[in-house]
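Trainee: So that we are looking at the same thing, I have put the structure below in structure tokens.
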Amino acid sequence: MPHDSRHGYVDPRRVNNAARQAARRRVLASYDTCAICDRPVDKTLKWPDPWSAEVDEIIPVSKGGSPTDMRNLALVHRRCNQLKSDKSIEWARQAVRGKTTTKPTSIPFTASSW
Ligand SMILES: [Zn+2]
């Protein structure tokens, strides 16, 4: 069995983690906007910046979601992910958009409002 860590053999005990990392990189490369608030995500921002990029599992792994299936992964802002917490992504989308506002298109976009 080849042991070239770059191209070949992967320790079976680590394959799940490696697959998760690969899936997260793919999400980061595939999307430019937050799945919760639909605003652009600046991938150059670093944790713990609230606007930094995070990859969220739409259905948590603890509830049976896949950590490696692209259909279960979404690019989100750190702050949006924190708002979502353990709730559904649909709930978070509505919460971010503010169901009480009468002008959804005029929500001020300021980093300090949260
Ligand atoms: Zn967001």
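As shown in the structure tokens, the chain order sets the letters A, B, ...; within each chain, residues go from 1, and ligands are also counted from 1 in the order they appear.
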What residues have any atom no more than 10 Å from ligand 1 when counting only C-alpha atoms and all ligand atoms, and can you list them as a ChimeraX atom specification?
Mentor: /A:33-41,50-54,75-83,92-93,96
Trainee: Those same residues - N, CA and C atoms - I'd like them written as a CSV table (one decimal), in the first residue's frame.
Mentor:
chain,number,residue,atom,x,y,z
A,33,THR,N,-21.5,33.9,-1.3
A,33,THR,CA,-22.5,34.6,-0.5
A,33,THR,C,-23.0,33.7,0.6
A,34,CYS,N,-23.5,34.3,1.7
A,34,CYS,CA,-23.9,33.6,2.9
A,34,CYS,C,-25.3,33.0,2.6
A,35,ALA,N,-25.4,31.7,3.0
A,35,ALA,CA,-26.7,31.0,2.7
A,35,ALA,C,-27.8,31.4,3.7
A,36,ILE,N,-27.4,32.2,4.7
A,36,ILE,CA,-28.4,32.7,5.6
A,36,ILE,C,-28.9,34.1,5.3
A,37,CYS,N,-28.0,35.0,5.1
A,37,CYS,CA,-28.3,36.4,4.9
A,37,CYS,C,-28.2,36.8,3.4
A,38,ASP,N,-27.6,36.0,2.6
A,38,ASP,CA,-27.4,36.2,1.1
A,38,ASP,C,-26.5,37.4,0.8
A,39,ARG,N,-25.7,37.8,1.8
A,39,ARG,CA,-24.8,38.9,1.6
A,39,ARG,C,-23.4,38.3,1.3
A,40,PRO,N,-22.6,39.1,0.6
A,40,PRO,CA,-21.2,38.5,0.2
A,40,PRO,C,-20.4,38.1,1.5
A,41,VAL,N,-19.6,37.1,1.3
A,41,VAL,CA,-18.8,36.6,2.4
A,41,VAL,C,-17.3,36.9,2.0
A,50,PRO,N,-16.7,38.4,13.1
A,50,PRO,CA,-18.1,37.9,13.0
A,50,PRO,C,-18.4,37.8,11.5
A,51,TRP,N,-17.7,38.4,10.6
A,51,TRP,CA,-18.0,38.3,9.2
A,51,TRP,C,-17.1,37.3,8.5
A,52,SER,N,-16.3,36.6,9.2
A,52,SER,CA,-15.5,35.6,8.6
A,52,SER,C,-16.3,34.4,8.1
A,53,ALA,N,-15.8,33.6,7.2
A,53,ALA,CA,-16.5,32.5,6.5
A,53,ALA,C,-16.5,31.3,7.4
A,54,GLU,N,-17.7,30.7,7.5
A,54,GLU,CA,-17.8,29.4,8.1
A,54,GLU,C,-18.6,28.5,7.2
A,75,LEU,N,-22.2,27.8,2.9
A,75,LEU,CA,-21.3,28.9,3.3
A,75,LEU,C,-22.0,30.0,4.1
A,76,VAL,N,-21.6,30.3,5.2
A,76,VAL,CA,-22.3,31.3,6.1
A,76,VAL,C,-21.3,32.2,6.8
A,77,HIS,N,-21.8,33.3,7.2
A,77,HIS,CA,-20.9,34.2,8.1
A,77,HIS,C,-20.9,33.6,9.5
A,78,ARG,N,-19.8,33.8,10.1
A,78,ARG,CA,-19.7,33.3,11.5
A,78,ARG,C,-20.8,33.9,12.4
A,79,ARG,N,-21.2,35.1,12.2
A,79,ARG,CA,-22.2,35.7,13.0
A,79,ARG,C,-23.6,35.1,12.7
A,80,CYS,N,-23.8,34.8,11.4
A,80,CYS,CA,-25.1,34.2,11.0
A,80,CYS,C,-25.1,32.7,11.6
A,81,ASN,N,-24.0,32.1,11.6
A,81,ASN,CA,-24.0,30.7,12.1
A,81,ASN,C,-24.3,30.7,13.6
A,82,GLN,N,-23.8,31.8,14.3
A,82,GLN,CA,-24.0,31.9,15.7
A,82,GLN,C,-25.5,32.1,16.0
A,83,LEU,N,-26.1,33.0,15.1
A,83,LEU,CA,-27.5,33.2,15.3
A,83,LEU,C,-28.3,32.0,15.1
A,92,ALA,N,-33.1,30.7,10.7
A,92,ALA,CA,-32.1,31.8,10.7
A,92,ALA,C,-32.3,32.8,9.6
A,93,ARG,N,-32.6,32.3,8.4
A,93,ARG,CA,-32.8,33.1,7.2
A,93,ARG,C,-33.9,34.2,7.6
A,96,VAL,N,-32.7,36.7,10.3
A,96,VAL,CA,-31.7,37.7,9.8
A,96,VAL,C,-32.4,38.7,8.9
Trainee: List the spatial neighbours of Arg25 in chain A as a PyMOL selection string - criterion: any atom at most 12 Å away, only C-alpha atoms, same-chain residues fewer than 2 positions off excluded.
Mentor: chain A and resi 18-23+27-31+43+53-55+68+70+73-75
Trainee: One number please: CA of Asp69 in chain A to CA of Asp42 in chain A, in Å, one decimal.
Mentor: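 Between CA of Asp69 in chain A and CA of Asp42 in chain A the gap works out to 23.3 Å.
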Trainee: Return as a list in words the full set of residues in range 12-56 of chain A whose backbone-based DSSP assignment is alpha helix (DSSP H).
Mentor: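 Those residues are Val15, Asn16, Asn17, Ala18, Ala19, Arg20, Gln21, Ala22, Ala23, Arg24, Arg25, Arg26, Val27, Leu28, Ala29 and Ser30 of chain A.
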Trainee: Using DSSP assignments from the backbone, pull out every residue in range 48-110 of chain A that falls under strand (DSSP E or B) and give it to me as a PyMOL selection string.
Mentor: chain A and resi 53-57+73-77
Trainee: Given only C-alpha atoms as the basis, pick out the residue of A:Asn72, A:Ile58, A:Arg24, A:Pro67 nearest to Lys87 in chain A.
Mentor: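 Residue with the minimum atom-to-atom distance to Lys87 in chain A: A:Ile58.
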Trainee: Restricting the calculation to only C-alpha atoms: of A:Arg71, A:Asn17, A:Pro60, A:Trp47, which residue gets closest to Ser85 in chain A?
Mentor: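 Ranked by minimum distance to Ser85 in chain A, first place goes to A:Pro60.
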Trainee: Smallest atom-to-atom distance to Ile59 in chain A: which of A:Leu45, A:Arg26, A:Ile89, A:Ala95, using only C-alpha atoms?
Mentor: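 The closest residue to Ile59 in chain A is A:Ile89.
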